[in-house]
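> For reference, the file run.cif (mmCIF, C-alpha atoms) is included below:
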```cif
data_coords
#
loop_
_atom_site.label_atom_id
_atom_site.label_comp_id
_atom_site.auth_asym_id
_atom_site.auth_seq_id
_atom_site.Cartn_x
_atom_site.Cartn_y
_atom_site.Cartn_z
CA MET A 1 207.14 465.11 198.59
CA GLU A 2 205.05 462.24 200.09
CA PRO A 3 201.31 462.73 200.67
CA GLU A 4 200.01 463.21 204.18
CA PRO A 5 198.17 460.33 205.94
CA GLU A 6 194.86 462.00 205.42
CA ASP A 7 195.57 462.26 201.69
CA ARG A 8 196.69 458.57 201.65
CA SER A 9 193.41 457.36 203.23
CA SER A 10 191.34 459.42 200.83
CA LEU A 11 193.24 458.26 197.74
CA PRO A 12 191.40 454.89 197.32
CA ALA A 13 188.09 456.65 197.78
CA ALA A 14 189.01 459.24 195.15
CA LEU A 15 190.14 456.57 192.72
CA LEU A 16 186.93 454.58 193.34
CA CYS A 17 184.78 457.65 192.78
CA SER A 18 186.61 458.52 189.60
CA ALA A 19 186.34 454.96 188.31
CA LEU A 20 182.60 454.93 188.95
CA SER A 21 182.21 458.55 187.66
CA LEU A 22 180.67 459.54 190.98
CA THR A 23 180.77 462.98 192.53
CA VAL A 24 181.20 462.38 196.27
CA PRO A 25 182.05 465.05 198.80
CA PRO A 26 185.51 464.62 200.33
CA VAL A 27 183.95 464.17 203.75
CA LEU A 28 182.82 460.67 202.74
CA GLY A 29 186.27 459.55 201.70
CA ASP A 30 187.07 457.82 204.98
CA GLN A 31 183.79 455.90 204.98
CA LEU A 32 184.29 454.64 201.44
CA ALA A 33 187.82 453.60 202.29
CA GLU A 34 186.61 451.61 205.30
CA LEU A 35 183.93 449.92 203.17
CA TYR A 36 186.54 449.04 200.59
CA ARG A 37 188.79 447.42 203.22
CA LEU A 38 185.89 445.41 204.65
CA GLN A 39 184.89 444.10 201.25
CA LEU A 40 188.48 443.23 200.43
CA GLY A 41 188.88 441.32 203.73
CA LEU A 42 185.63 439.43 203.10
CA LEU A 43 186.80 438.35 199.65
CA ARG A 44 190.12 437.17 201.04
CA ARG A 45 188.50 435.07 203.81
CA ARG A 46 186.09 433.51 201.30
CA ARG A 47 189.02 432.58 199.10
CA VAL A 48 190.83 430.96 202.02
CA ARG A 49 187.74 428.92 202.91
CA GLU A 50 187.38 427.72 199.32
CA LEU A 51 191.01 426.63 199.25
CA MET A 52 190.61 424.75 202.57
CA GLU A 53 187.41 423.02 201.38
CA ARG A 54 189.10 422.00 198.14
CA ASP A 55 192.02 420.57 200.09
CA ARG A 56 189.64 418.66 202.41
CA ARG A 57 187.76 417.12 199.47
CA ARG A 58 191.02 416.10 197.89
CA ARG A 59 192.22 414.34 201.04
CA GLN A 60 188.83 412.56 201.36
CA TYR A 61 189.03 411.43 197.75
CA LEU A 62 192.52 410.05 198.30
CA ARG A 63 191.40 408.12 201.40
CA ARG A 64 188.44 406.59 199.57
CA ARG A 65 190.58 405.63 196.62
CA ARG A 66 193.11 403.98 198.94
CA ALA A 67 190.36 402.05 200.78
CA PHE A 68 188.86 400.91 197.48
CA LEU A 69 192.21 399.70 196.22
CA LEU A 70 192.89 397.77 199.46
CA SER A 71 189.45 396.13 199.45
CA SER A 72 189.85 395.19 195.79
CA ILE A 73 193.22 393.61 196.50
CA ALA A 74 191.78 391.68 199.45
CA ALA A 75 188.85 390.43 197.34
CA ILE A 76 191.18 389.28 194.57
CA GLN A 77 193.39 387.47 197.07
CA SER A 78 190.38 385.72 198.64
CA LEU A 79 189.36 384.45 195.20
CA ILE A 80 192.83 383.27 194.32
CA THR A 81 193.75 381.74 197.68
CA SER A 82 192.33 378.28 198.55
CA THR A 83 189.65 378.26 201.28
CA ASN A 84 190.84 374.98 202.81
CA ARG A 85 192.70 376.65 205.67
CA HIS A 86 193.57 374.41 208.59
CA ILE A 87 193.69 377.46 210.80
CA TRP A 88 189.95 378.00 210.28
CA VAL A 89 188.63 374.43 210.30
CA ARG A 90 189.61 371.74 212.74
CA ASN A 91 189.70 368.21 211.45
CA ARG A 92 186.96 366.31 213.31
CA SER A 93 186.70 363.22 211.13
CA PRO A 94 186.86 360.77 214.09
CA GLY A 95 183.77 362.44 215.56
CA HIS A 96 181.60 361.59 212.57
CA THR A 97 181.47 357.91 213.51
CA PHE A 98 178.14 357.94 215.36
CA TRP A 99 176.36 360.38 213.05
CA SER A 100 177.55 358.52 209.97
CA SER A 101 176.35 355.22 211.34
CA ALA A 102 173.04 356.76 212.44
CA GLN A 103 172.04 357.20 208.82
CA SER A 104 171.75 353.41 208.52
CA PHE A 105 169.69 352.90 211.70
CA ASP A 106 166.42 351.05 211.34
CA ASP A 107 163.23 352.64 212.68
CA GLU A 108 163.46 350.95 216.07
CA GLU A 109 167.08 351.93 216.66
CA TRP A 110 166.42 355.48 215.43
CA ARG A 111 163.56 355.91 217.92
CA ALA A 112 165.66 354.43 220.73
CA GLN A 113 168.48 356.90 220.08
CA PHE A 114 166.56 360.10 219.26
CA ARG A 115 163.27 359.41 221.13
CA VAL A 116 161.20 360.07 217.99
CA SER A 117 160.39 357.97 214.95
CA ARG A 118 162.11 358.73 211.68
CA GLU A 119 158.81 360.03 210.27
CA THR A 120 158.40 362.43 213.20
CA PHE A 121 162.03 363.52 212.82
CA ASP A 122 161.38 364.37 209.16
CA TYR A 123 158.19 366.19 210.16
CA LEU A 124 160.13 368.35 212.63
CA LEU A 125 162.87 368.98 210.09
CA GLU A 126 160.32 370.16 207.54
CA ARG A 127 158.75 372.58 210.02
CA ILE A 128 161.84 374.13 211.62
CA GLY A 129 164.53 373.34 209.03
CA PRO A 130 164.45 376.79 207.37
CA ALA A 131 164.83 378.46 210.78
CA ILE A 132 167.97 376.51 211.76
CA LYS A 133 169.64 376.54 208.35
CA ARG A 134 172.81 378.64 208.09
CA ARG A 135 174.56 380.25 205.12
CA ARG A 136 177.72 378.87 203.56
CA THR A 137 180.83 381.03 204.03
CA ASN A 138 184.27 381.15 202.43
CA TYR A 139 185.79 379.43 205.44
CA ARG A 140 183.61 376.38 206.01
CA ALA A 141 180.41 374.62 205.03
CA PRO A 142 177.60 375.07 207.59
CA ILE A 143 176.29 372.20 209.69
CA GLU A 144 173.27 370.86 207.86
CA PRO A 145 169.83 371.30 209.53
CA ARG A 146 169.37 367.52 209.83
CA ARG A 147 172.44 367.15 212.02
CA ARG A 148 171.52 370.26 214.01
CA LEU A 149 168.12 368.79 214.86
CA ALA A 150 169.70 365.43 215.74
CA ILE A 151 172.17 367.13 218.12
CA ALA A 152 169.35 369.02 219.89
CA LEU A 153 167.14 365.91 220.20
CA TRP A 154 170.07 363.92 221.57
CA TRP A 155 170.67 366.60 224.19
CA PHE A 156 166.97 366.75 225.08
CA ALA A 157 166.85 362.98 225.40
CA ARG A 158 169.98 362.60 227.56
CA SER A 159 171.30 366.02 228.56
CA GLY A 160 174.82 364.70 228.17
CA GLU A 161 177.97 366.76 228.42
CA TYR A 162 178.63 369.07 225.52
CA ARG A 163 182.07 367.53 225.09
CA SER A 164 180.76 364.00 224.52
CA ILE A 165 178.01 365.18 222.16
CA ALA A 166 180.54 367.23 220.20
CA GLY A 167 182.71 364.15 219.69
CA MET A 168 179.75 362.02 218.59
CA PHE A 169 178.50 364.48 215.98
CA GLY A 170 181.82 365.99 214.86
CA VAL A 171 181.23 369.59 215.96
CA GLY A 172 182.76 371.99 218.44
CA ILE A 173 181.84 371.99 222.11
CA ALA A 174 180.54 375.56 222.01
CA THR A 175 178.67 374.70 218.80
CA VAL A 176 176.57 372.13 220.68
CA CYS A 177 175.43 374.80 223.14
CA VAL A 178 174.59 377.20 220.31
CA ILE A 179 172.67 374.55 218.37
CA VAL A 180 170.57 373.56 221.40
CA ARG A 181 169.55 377.18 221.88
CA GLN A 182 168.82 377.71 218.18
CA VAL A 183 166.68 374.59 217.84
CA THR A 184 164.83 375.39 221.08
CA SER A 185 164.00 378.87 219.81
CA ALA A 186 162.88 377.50 216.44
CA ILE A 187 160.54 374.99 218.10
CA MET A 188 159.01 377.71 220.26
CA ASP A 189 158.65 380.23 217.45
CA ARG A 190 157.26 377.87 214.81
CA LEU A 191 155.44 375.08 216.63
CA TYR A 192 154.32 376.17 220.10
CA ARG A 193 151.11 377.96 219.12
CA ARG A 194 150.20 375.20 216.68
CA VAL A 195 150.62 372.40 219.17
CA VAL A 196 149.83 373.84 222.62
CA SER A 197 146.41 375.47 223.08
CA LEU A 198 143.33 375.06 225.25
CA PRO A 199 140.63 372.96 223.56
CA SER A 200 137.83 374.71 221.72
CA GLY A 201 135.09 373.77 219.30
CA GLN A 202 135.05 370.09 218.46
CA ARG A 203 138.23 369.46 220.46
CA LEU A 204 136.49 370.78 223.57
CA ASP A 205 133.48 368.52 222.98
CA ASP A 206 135.76 365.52 222.53
CA THR A 207 137.67 366.35 225.71
CA ILE A 208 134.50 366.72 227.79
CA ARG A 209 133.17 363.43 226.41
CA ALA A 210 136.43 361.64 227.18
CA PHE A 211 136.49 362.81 230.80
CA ARG A 212 132.82 361.89 231.10
CA ASP A 213 133.82 358.38 230.10
CA ARG A 214 136.16 358.54 233.11
CA CYS A 215 133.06 359.29 235.23
CA TYR A 216 133.86 362.96 235.75
CA PRO A 217 131.56 365.56 234.07
CA GLN A 218 132.17 369.01 232.59
CA CYS A 219 135.95 368.68 232.54
CA ALA A 220 138.16 370.27 229.88
CA GLY A 221 141.51 369.25 231.33
CA ALA A 222 143.55 368.61 234.46
CA ILE A 223 146.10 371.06 235.86
CA GLY A 224 149.19 370.10 237.81
CA GLY A 225 152.75 371.09 238.56
CA THR A 226 156.16 369.48 238.75
CA HIS A 227 159.70 370.61 239.61
CA ILE A 228 162.49 370.62 237.01
CA PRO A 229 166.05 370.37 238.41
CA ILE A 230 168.53 373.14 237.59
CA ALA A 231 172.08 373.99 238.59
CA PRO A 232 172.25 376.60 241.38
CA PRO A 233 171.93 380.01 239.65
CA ARG A 234 174.24 382.88 240.44
CA ASP A 235 171.45 385.31 241.34
CA ASN A 236 169.25 384.50 244.34
CA PRO A 237 169.99 380.76 244.47
CA ASP A 238 168.00 380.35 247.72
CA HIS A 239 164.80 381.30 245.89
CA TYR A 240 165.15 378.19 243.73
CA LEU A 241 165.43 375.76 246.64
CA ASN A 242 162.26 373.68 246.89
CA ARG A 243 160.86 371.87 249.92
CA ARG A 244 163.09 368.87 249.17
CA GLY A 245 166.23 371.01 249.35
CA TRP A 246 167.33 371.00 245.69
CA HIS A 247 167.24 373.79 243.13
CA SER A 248 164.41 373.72 240.60
CA VAL A 249 161.98 375.68 238.47
CA VAL A 250 158.26 374.94 238.47
CA LEU A 251 156.38 373.64 235.44
CA GLN A 252 152.61 374.23 235.57
CA ALA A 253 150.67 372.49 232.82
CA VAL A 254 147.12 371.69 231.76
CA VAL A 255 146.69 368.19 230.34
CA ASP A 256 143.84 366.80 228.22
CA HIS A 257 142.43 363.27 228.15
CA ASN A 258 145.20 362.13 225.77
CA SER A 259 147.93 363.25 228.19
CA CYS A 260 148.86 366.10 225.87
CA PHE A 261 149.67 369.57 227.17
CA THR A 262 147.15 372.30 226.35
CA ASP A 263 148.74 375.04 228.46
CA VAL A 264 152.34 375.37 229.68
CA TYR A 265 153.75 377.86 232.17
CA ALA A 266 157.32 377.32 233.38
CA GLY A 267 160.17 379.16 235.05
CA TRP A 268 159.11 380.19 238.54
CA PRO A 269 161.63 379.41 241.33
CA GLY A 270 161.19 376.12 243.15
CA SER A 271 160.26 377.79 246.44
CA THR A 272 157.06 379.23 244.89
CA SER A 273 153.80 377.54 245.81
CA SER A 274 151.41 376.13 243.20
CA ALA A 275 148.79 378.75 244.04
CA ALA A 276 151.28 381.61 243.58
CA VAL A 277 152.43 380.23 240.23
CA LEU A 278 148.83 379.87 239.09
CA SER A 279 147.90 383.43 240.12
CA SER A 280 150.71 384.84 237.98
CA SER A 281 149.95 382.77 234.88
CA ASP A 282 148.10 383.87 231.75
CA LEU A 283 145.61 381.07 232.38
CA TYR A 284 144.52 382.66 235.66
CA LEU A 285 144.26 386.13 234.13
CA LYS A 286 142.26 384.76 231.22
CA ALA A 287 139.70 383.21 233.57
CA GLU A 288 139.53 385.92 236.24
CA ASP A 289 139.34 388.85 233.82
CA ARG A 290 136.08 387.57 232.33
CA PRO A 291 132.92 389.11 233.81
CA ASP A 292 131.31 385.71 234.37
CA GLY A 293 134.52 384.17 235.77
CA TYR A 294 134.40 381.20 233.40
CA LEU A 295 137.36 379.93 231.42
CA PHE A 296 135.41 378.11 228.71
CA PRO A 297 132.26 379.13 226.76
CA ARG A 298 129.24 379.48 228.99
CA GLN A 299 127.05 377.77 226.40
CA LYS A 300 128.69 374.47 227.40
CA SER A 301 127.44 374.78 231.00
CA VAL A 302 124.74 372.50 232.39
CA VAL A 303 122.17 373.30 235.09
CA SER A 304 121.43 370.98 237.97
CA GLY A 305 119.08 372.03 240.75
CA GLU A 306 119.16 375.65 239.56
CA VAL A 307 122.95 375.66 239.89
CA GLU A 308 124.96 376.36 236.75
CA ILE A 309 127.91 374.00 236.37
CA PRO A 310 130.46 375.39 233.90
CA VAL A 311 133.10 373.53 231.97
CA HIS A 312 136.14 373.60 234.21
CA LEU A 313 139.58 372.25 234.99
CA ILE A 314 140.43 369.88 237.83
CA GLY A 315 143.44 370.13 240.11
CA ASP A 316 144.97 368.69 243.25
CA ALA A 317 144.88 370.06 246.80
CA SER A 318 147.64 372.63 246.14
CA PHE A 319 145.35 374.75 243.92
CA PRO A 320 142.58 377.13 245.00
CA LEU A 321 138.92 376.27 244.46
CA LYS A 322 137.38 378.34 241.65
CA PRO A 323 134.24 378.04 239.49
CA TRP A 324 136.59 377.19 236.62
CA LEU A 325 138.90 375.00 238.76
CA MET A 326 137.57 372.14 240.88
CA LYS A 327 139.44 369.98 243.37
CA GLY A 328 138.59 367.20 245.80
CA TYR A 329 137.62 367.54 249.44
CA SER A 330 140.29 367.73 252.10
CA GLU A 331 140.88 364.50 253.96
CA GLU A 332 141.31 366.44 257.19
CA HIS A 333 137.54 366.61 257.63
CA GLN A 334 134.99 363.87 258.05
CA LEU A 335 133.71 363.19 254.54
CA SER A 336 130.36 361.78 253.53
CA PRO A 337 130.22 358.79 251.14
CA GLU A 338 129.24 361.16 248.30
CA GLN A 339 132.19 363.43 249.04
CA ARG A 340 134.59 360.49 249.11
CA CYS A 341 133.19 359.22 245.83
CA PHE A 342 133.55 362.66 244.24
CA THR A 343 137.15 363.04 245.46
CA TYR A 344 138.07 359.57 244.24
CA THR A 345 136.49 360.19 240.82
CA LEU A 346 138.20 363.55 240.45
CA ASN A 347 141.60 362.14 241.44
CA SER A 348 141.13 359.27 239.00
CA ALA A 349 140.46 361.70 236.15
CA TRP A 350 143.34 363.92 237.32
CA SER A 351 145.79 361.01 236.91
CA VAL A 352 146.33 362.05 233.27
CA VAL A 353 148.68 364.71 234.70
CA ASP A 354 150.94 362.08 236.25
CA THR A 355 150.91 360.13 232.99
CA ALA A 356 151.86 363.21 230.98
CA PHE A 357 154.71 364.22 233.31
CA THR A 358 156.00 360.64 233.42
CA ARG A 359 156.16 360.40 229.64
CA LEU A 360 157.54 363.92 229.29
CA LYS A 361 160.48 363.30 231.61
CA GLY A 362 160.99 359.72 230.47
CA ARG A 363 161.35 360.77 226.84
CA TRP A 364 163.26 364.00 227.42
CA ARG A 365 165.61 363.30 230.31
CA CYS A 366 167.15 366.76 230.24
CA LEU A 367 164.23 367.52 232.59
CA LEU A 368 165.41 364.89 235.07
CA LYS A 369 168.86 366.07 236.08
CA LYS A 370 170.62 369.34 236.65
CA SER A 371 171.81 370.70 233.32
CA ASP A 372 174.40 373.44 232.90
CA ILE A 373 172.13 375.56 230.72
CA ASP A 374 171.41 379.07 231.99
CA VAL A 375 168.33 379.41 234.19
CA SER A 376 166.96 382.16 231.94
CA MET A 377 166.87 379.68 229.05
CA MET A 378 165.35 376.84 231.09
CA PRO A 379 161.66 377.87 230.66
CA ARG A 380 162.02 377.74 226.87
CA VAL A 381 163.74 374.35 227.06
CA VAL A 382 160.91 372.99 229.24
CA ALA A 383 158.23 374.39 226.95
CA ALA A 384 160.03 373.02 223.86
CA CYS A 385 160.09 369.56 225.43
CA CYS A 386 156.33 369.85 226.02
CA VAL A 387 155.85 370.73 222.35
CA LEU A 388 157.91 367.71 221.29
CA HIS A 389 155.90 365.53 223.70
CA ASN A 390 152.62 366.64 222.09
CA ILE A 391 153.93 366.01 218.59
CA CYS A 392 155.06 362.50 219.51
CA GLU A 393 151.74 361.69 221.21
CA ASN A 394 149.64 363.09 218.37
CA ARG A 395 151.66 361.25 215.73
CA GLY A 396 151.44 357.95 217.58
CA ASP A 397 155.11 357.57 218.54
CA SER A 398 155.07 354.82 221.14
CA PHE A 399 156.60 355.36 224.56
CA LEU A 400 159.14 352.62 225.23
CA PRO A 401 159.04 350.92 228.66
CA GLU A 402 162.74 351.52 229.29
CA TRP A 403 162.11 355.26 229.22
CA ASN A 404 159.93 355.03 232.33
CA ILE A 405 161.28 357.27 235.08
CA GLN A 406 159.63 355.50 238.02
CA MET A 407 162.91 354.76 239.77
CA VAL A 408 164.44 355.25 243.20
CA PRO A 409 165.87 358.75 243.83
CA SER A 410 169.46 359.15 242.75
CA GLU A 411 171.84 361.83 241.60
CA HIS A 412 170.10 361.81 238.23
CA TYR A 413 166.53 361.72 239.49
CA LEU A 414 165.38 363.82 242.45
CA SER A 415 162.21 363.15 244.44
CA GLN A 416 159.41 365.64 243.91
CA PRO A 417 158.41 367.83 246.88
CA ASP A 418 155.28 366.84 248.76
CA THR A 419 152.03 368.58 247.84
CA GLU A 420 151.42 371.70 249.89
CA PRO A 421 147.63 372.07 250.42
CA TYR A 422 146.12 375.46 249.70
CA GLU A 423 144.56 376.92 252.85
CA GLY A 424 142.93 380.06 251.47
CA ASP A 425 139.61 378.58 250.32
CA THR A 426 136.43 380.21 251.64
CA TYR A 427 132.77 379.45 251.08
CA CYS A 428 131.87 380.82 247.67
CA THR A 429 130.15 380.01 244.39
CA ALA A 430 132.78 377.36 243.64
CA GLU A 431 131.85 375.50 246.83
CA VAL A 432 128.18 375.44 245.76
CA ILE A 433 129.14 374.10 242.34
CA ARG A 434 131.31 371.38 243.87
CA ASP A 435 128.58 370.30 246.29
CA THR A 436 126.05 370.18 243.46
CA VAL A 437 128.31 367.95 241.37
CA THR A 438 129.08 365.81 244.42
CA TYR A 439 125.47 365.00 245.29
CA ASN A 440 124.17 364.85 241.70
CA LEU A 441 127.13 363.16 240.03
CA LEU A 442 125.21 360.38 238.29
CA THR A 443 122.50 362.75 237.10
CA ILE A 444 125.00 365.24 235.66
CA LEU A 445 126.91 362.48 233.89
CA GLN A 446 123.77 361.72 231.89
CA TYR A 447 123.58 365.22 230.35
#
```
With the file now loaded, output its structure as structure tokens.

Amino acid sequence: MEPEPEDRSSLPAALLCSALSLTVPPVLGDQLAELYRLQLGLLRRRRVRELMERDRRRRQYLRRRRAFLLSSIAAIQSLITSTNRHIWVRNRSPGHTFWSSAQSFDDEEWRAQFRVSRETFDYLLERIGPAIKRRRTNYRAPIEPRRRLAIALWWFARSGEYRSIAGMFGVGIATVCVIVRQVTSAIMDRLYRRVVSLPSGQRLDDTIRAFRDRCYPQCAGAIGGTHIPIAPPRDNPDHYLNRRGWHSVVLQAVVDHNSCFTDVYAGWPGSTSSAAVLSSSDLYLKAEDRPDGYLFPRQKSVVSGEVEIPVHLIGDASFPLKPWLMKGYSEEHQLSPEQRCFTYTLNSAWSVVDTAFTRLKGRWRCLLKKSDIDVSMMPRVVAACCVLHNICENRGDSFLPEWNIQMVPSEHYLSQPDTEPYEGDTYCTAEVIRDTVTYNLLTILQY
């Protein structure tokens, strides 16, 4: 005779109580049975999870072992197989003709080809060589830093097509573009702050003395601007059209008595006026943010007729008149003999800007014609050329007459836009300073 359901449900509870030697009233039999089933289900689920986790770890171990075996086989094959694969390296032996022959150039021919003397080339290589050096791989030997620098200097000097430069130096066409960008970045990162800076200390004293010898007092440099041709950009090309009708970016620069650049600011669209470029530059913020409004130390100022004359820059008619930036009188008004003499003297001292821009573009002709480099990269290219210009001037690299860019306008050389006079000047402290210098020029020169 089979037990009733109630007896069947109470049987596990009775067995459990007897096994544990517990005396439990029969009324608790159902509760103990339910607790037993719950505990049994929990143990079963935990066992299932353990089995699933063990299976997952096993599959992961098998995948890792398979990946390790495959990578080991690939590494062994790469060591056994020869690295001279024609599929990876294109034979460019005919393109090595020029670079191979360049190693035997004399100093004059080297300077004619690369626009720098061999000593200056070695100086540049020593400074930026580690930044443009690349690691050797299993597929090919890297292009040595010396050839990389030569490729970039050749492009700066002529801005030729990438295809022709690639054939001359035995590299790929895309490689020329990459090398130009890499060398430009290395020059900016490693040399710009060393070479381009406003004069201070003894340099400032020497600059003031040199401009005084040009009959203009209290001058620490001349500021000017020029337009650099570019190819029409994709975004907002009309903004880059200058007053002459061709696309350009503006280079604003401060030049010292040696025609070296002491401040460079490039990249604004060609339609921007000189005053607008100046107002957005760090030079302007540096001068205007000072409480006294002076750009150079006030201790260098001189006093004439109770008027303090600070050390300042000089500019042309396109710039505003500031206590730290002087310019000549406008020819639209009737000028006194003293005002004409002052304007002539200032313009004569300001001519160092024209000399600097002439040598800059004559040596680095990538700034003369529209290059296919991206407009976002053009400011760094312009600034790098200014750095190279300073290095050549400071190291005494002569400027060859055939590099002179004073030529008739052509497709390679575009006429600069006419100067647009600044009309926002009002009577202020700068006007008083200019008048004081004008009518006491000889006296101030004797300080």
> Give me the residues within 12 Å of range 297-302 of chain A as an NGL selection string, counting all atoms listed in the file and dropping any in the same chain fewer than 2 places off.
:A and (198-202 or 204-205 or 208-209 or 217-220 or 287 or 290-295 or 304-312 or 323-324 or 433 or 436-437 or 443-447)
> By how many Å are CA of Glu393 in chain A and CA of Val116 in chain A apart?
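Computing it gives 10.1 Å between the two atoms.
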> Got a sec: who's within 10 Å of Pro237 in chain A, counting only C-alpha atoms, leaving out chain neighbours fewer than 6 positions off, as an NGL selection string?
:A and (231 or 247-248 or 269)
> Next, the residues of the selection above should be written as a PDB file, keeping the file's coordinate frame with C-alpha atoms.

```
ATOM      1  CA  ALA A 231     172.080 373.990 238.590  1.00  0.00           C
ATOM      2  CA  HIS A 247     167.240 373.790 243.130  1.00  0.00           C
ATOM      3  CA  SER A 248     164.410 373.720 240.600  1.00  0.00           C
ATOM      4  CA  PRO A 269     161.630 379.410 241.330  1.00  0.00           C
TER       5      PRO A 269
END
```
> Provide the CA of Asn236 in chain A to CA of Ser271 in chain A distance in Å, to one decimal place.
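Distance between the two atoms: 11.4 Å.
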> In Å, with one decimal, what is the gap from CA of Trp246 in chain A to CA of Lys369 in chain A?
10.9 Å
> Can you translate the PyMOL selection byres ((chain A and resi 155) around 10) into the concrete residues it hits in this file, as a PDB file with C-alpha atoms, keeping the file's coordinate frame?

```
ATOM      1  CA  PHE A 114     166.560 360.100 219.260  1.00  0.00           C
ATOM      2  CA  LEU A 149     168.120 368.790 214.860  1.00  0.00           C
ATOM      3  CA  ALA A 150     169.700 365.430 215.740  1.00  0.00           C
ATOM      4  CA  ILE A 151     172.170 367.130 218.120  1.00  0.00           C
ATOM      5  CA  ALA A 152     169.350 369.020 219.890  1.00  0.00           C
ATOM      6  CA  LEU A 153     167.140 365.910 220.200  1.00  0.00           C
ATOM      7  CA  TRP A 154     170.070 363.920 221.570  1.00  0.00           C
ATOM      8  CA  PHE A 156     166.970 366.750 225.080  1.00  0.00           C
ATOM      9  CA  ALA A 157     166.850 362.980 225.400  1.00  0.00           C
ATOM     10  CA  ARG A 158     169.980 362.600 227.560  1.00  0.00           C
ATOM     11  CA  SER A 159     171.300 366.020 228.560  1.00  0.00           C
ATOM     12  CA  GLY A 160     174.820 364.700 228.170  1.00  0.00           C
ATOM     13  CA  GLU A 161     177.970 366.760 228.420  1.00  0.00           C
ATOM     14  CA  TYR A 162     178.630 369.070 225.520  1.00  0.00           C
ATOM     15  CA  ILE A 165     178.010 365.180 222.160  1.00  0.00           C
ATOM     16  CA  VAL A 176     176.570 372.130 220.680  1.00  0.00           C
ATOM     17  CA  CYS A 177     175.430 374.800 223.140  1.00  0.00           C
ATOM     18  CA  VAL A 180     170.570 373.560 221.400  1.00  0.00           C
ATOM     19  CA  TRP A 364     163.260 364.000 227.420  1.00  0.00           C
ATOM     20  CA  ARG A 365     165.610 363.300 230.310  1.00  0.00           C
ATOM     21  CA  CYS A 366     167.150 366.760 230.240  1.00  0.00           C
TER      22      CYS A 366
END
```
> Pick out the closest residue to Leu388 in chain A from this set: A:Leu191, A:Val375, A:Leu32, A:Ala75. Count all atoms listed in the file.
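Checking each candidate against Leu388 in chain A, we get A:Leu191 as the closest.
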> Could you tell me which residues the PyMOL selection byres ((chain A and resi 215) around 8) grabs in this file, written as a CSV table (one decimal) with C-alpha atoms, in the frame of the given file?

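Saved as expr.csv:
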```csv
chain,number,residue,atom,x,y,z
A,211,PHE,CA,136.5,362.8,230.8
A,212,ARG,CA,132.8,361.9,231.1
A,213,ASP,CA,133.8,358.4,230.1
A,214,ARG,CA,136.2,358.5,233.1
A,216,TYR,CA,133.9,363.0,235.8
A,217,PRO,CA,131.6,365.6,234.1
A,345,THR,CA,136.5,360.2,240.8
A,349,ALA,CA,140.5,361.7,236.2
A,445,LEU,CA,126.9,362.5,233.9
```
> Can you build me a table of range 315-429 of chain A residues sitting at most 12 Å from range 102-113 of chain A, with the closest atom pair per residue and its distance in Å to one decimal, using all atoms listed in the file, sorted by chain and residue number, as JSON lines?

```
{"residue": "A:Arg363", "atom": "CA", "partner": "A:Ala112", "partner_atom": "CA", "distance": 9.8}
{"residue": "A:Trp364", "atom": "CA", "partner": "A:Gln113", "partner_atom": "CA", "distance": 11.5}
{"residue": "A:Cys392", "atom": "CA", "partner": "A:Arg111", "partner_atom": "CA", "distance": 10.9}
{"residue": "A:Asp397", "atom": "CA", "partner": "A:Arg111", "partner_atom": "CA", "distance": 8.6}
{"residue": "A:Ser398", "atom": "CA", "partner": "A:Arg111", "partner_atom": "CA", "distance": 9.1}
{"residue": "A:Phe399", "atom": "CA", "partner": "A:Arg111", "partner_atom": "CA", "distance": 9.6}
{"residue": "A:Leu400", "atom": "CA", "partner": "A:Ala112", "partner_atom": "CA", "distance": 8.1}
{"residue": "A:Pro401", "atom": "CA", "partner": "A:Ala112", "partner_atom": "CA", "distance": 10.9}
{"residue": "A:Glu402", "atom": "CA", "partner": "A:Ala112", "partner_atom": "CA", "distance": 9.5}
{"residue": "A:Trp403", "atom": "CA", "partner": "A:Ala112", "partner_atom": "CA", "distance": 9.2}
```
> Counting only C-alpha atoms, find residues at most 12 Å from (147.1, 359.1, 223.7) (file frame) and give them as a list in words.
Ala210, Val255, Asp256, His257, Asn258, Ser259, Cys260, Phe261, Val352, Thr355, Ala356, Arg359, His389, Asn390, Ile391, Cys392, Glu393, Asn394, Arg395, Gly396, Asp397, Ser398 and Phe399 of chain A
> Which is closest to Asp316 in chain A among A:Ala275, A:Val303, A:Leu283, A:Leu251, if we use only C-alpha atoms?
A:Ala275
> Which one of A:Met326, A:Ile228, A:Leu414, A:Leu241 sits closest to Val382 in chain A if you count all atoms listed in the file?
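Checking each of A:Met326, A:Ile228, A:Leu414, A:Leu241 against Val382 in chain A, counting all atoms listed in the file, the winner is A:Ile228.
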> Determine the nearest neighbour of Ala186 in chain A from the options A:Leu125, A:Arg244, A:Tyr265, A:Thr207, counting all atoms listed in the file.
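Among the listed residues, the smallest separation from Ala186 in chain A belongs to A:Leu125.
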> What are the centre and edge lengths in Å, to one decimal, of the axis-aligned box around all listed atoms of range 225-232 of chain A with 3 Å added on each side, as AutoDock Vina command-line options?

```
--center_x 162.5 --center_y 373.0 --center_z 239.2 --size_x 25.5 --size_y 13.1 --size_z 10.4
```
> Find the residue from A:Arg234, A:His227, A:Arg434, A:Arg37 that sits nearest to Gly328 in chain A; use only C-alpha atoms when measuring.
A:Arg434
